[in-house]
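I have placed the structure first, in the form of structure tokens, so that the comments after it can refer back to it.
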Amino acid sequence: MPEVIDMTQAQRLDATFAALADPTRRAILARLATGEATVSELAEPFDISQPAISRHLKVLERAGLISTGHDAQRRPRRVEAKALEAATDWLQKLRDRWEESYQRLDGLLEEMKRTQKE
Amino acid sequence: MPAPASVTIPNDTDIVIVRTFDAPRELVWRAHTEPQLMKRWMQGPPGWTLSVCEIDARPGGKFRNVFTQAGQQPLEVRGTFLEVDAPARWVHTEEYGPEGSSETPAAVETLVLTEKAGKTTLTLTMRYPSKEARDAAGQGTADGMEECYRRIDVLLNERMREPTTTRGR
């Protein structure tokens, strides 16, 4: 998969977010989070064909969110936790930074409310 | 204690922050527009201080925030207010570095305050010119403002160097 290797970190994140934007793909990921599964096992709970599932798997794999196991016959898919972490990492950090400031603002607002009452 | 801020990316170009405060919006507005109040809560990353804060919150008015840390190059954020409707909403451009260092705004920020039963919900939308710019800014801010500015410095230095190298003195 040379395209995966050639992607910059930003492109990789884009691919990850695009892959996560689809509810079926998120459901597939949620299923894989509980353990590896084959295409037919994955297709079972969803009301869509195996080729459709395969297409979703391809998108997830290109985004680096899942990988295919070595068993050539079963070709089990499994989740790649690292890519998922990278996707949520900066949003999470950004939230922490703003929250830190906003907690100081909470304190200031309490003080302003008290002064207003006096 | 109010619920923690939510930070989302609803589309390709925006970062949206939503946070509710247990105070009327008049006070939240003042905390965003009066420099001496801004300095009390907006401090930048750990170790950095908002040492200069100038805000002229009216259409066409400018703002300028300078964050400092001992032994570091100061970090400057500035912009121009495009819309101001106190105490409900403002829209301003955002640029980095000293005046004249960038021609196009890095982002456009929209602040909306709505009040319900004495509580204020703040929605801050930061809109970037592209998905790449948005992701880079998001990651940069997350990594730390110093990192973000270091990148901008490198970029500006490259730009400043360009004319001299092409002239080949």
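Just so we're on the same page: first chain in the structure tokens is A, next is B, and so on; residues restart at 1 for each chain, and ligands are numbered from 1 in the order they show up.
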> Taking the backbone alone, and naming residues the way the document does, which bits of chain A are strand (DSSP E) by DSSP, as a PyMOL selection string?
Replying inline: chain A and resi 66-68+77-79
>> Residues near region 29-44 of chain A, anyone? I mean within 6 Å using only C-alpha atoms, not counting same-chain ones fewer than 3 positions away, as a VMD selection string.
In response: chain A and resid 26 50 76 to 79
>> Give me, as an MDAnalysis selection string, the residues of chain A touching chain B, with the criterion being at most 12 Å (counting only C-alpha atoms).
In response: chainID A and resid 8:14 17:18 21 86:116
> Separation of CA of Val91 (chain B) and CA of Val112 (chain B), in Å?
Replying inline: 8.8 Å
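CA of Pro129 (chain B) sits 12.3 Å away from CA of Asn11 (chain B).
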>> I'd like to know which residues of chain A are helix (DSSP H, G or I) (by DSSP, run on the backbone); could you write them as a ChimeraX atom specification?
In response: /A:2-6,9-20,23-32,39-43,50-62,81-117
>> Using only C-alpha atoms, which protein or nucleic acid residues come within 12 Å of Thr33 (chain B)? Drop anything in the same chain fewer than 3 positions from it, and give the result as a ChimeraX atom specification.
In response: /B:26-30,36-39,42,53-58,61-65,81,84-90,111
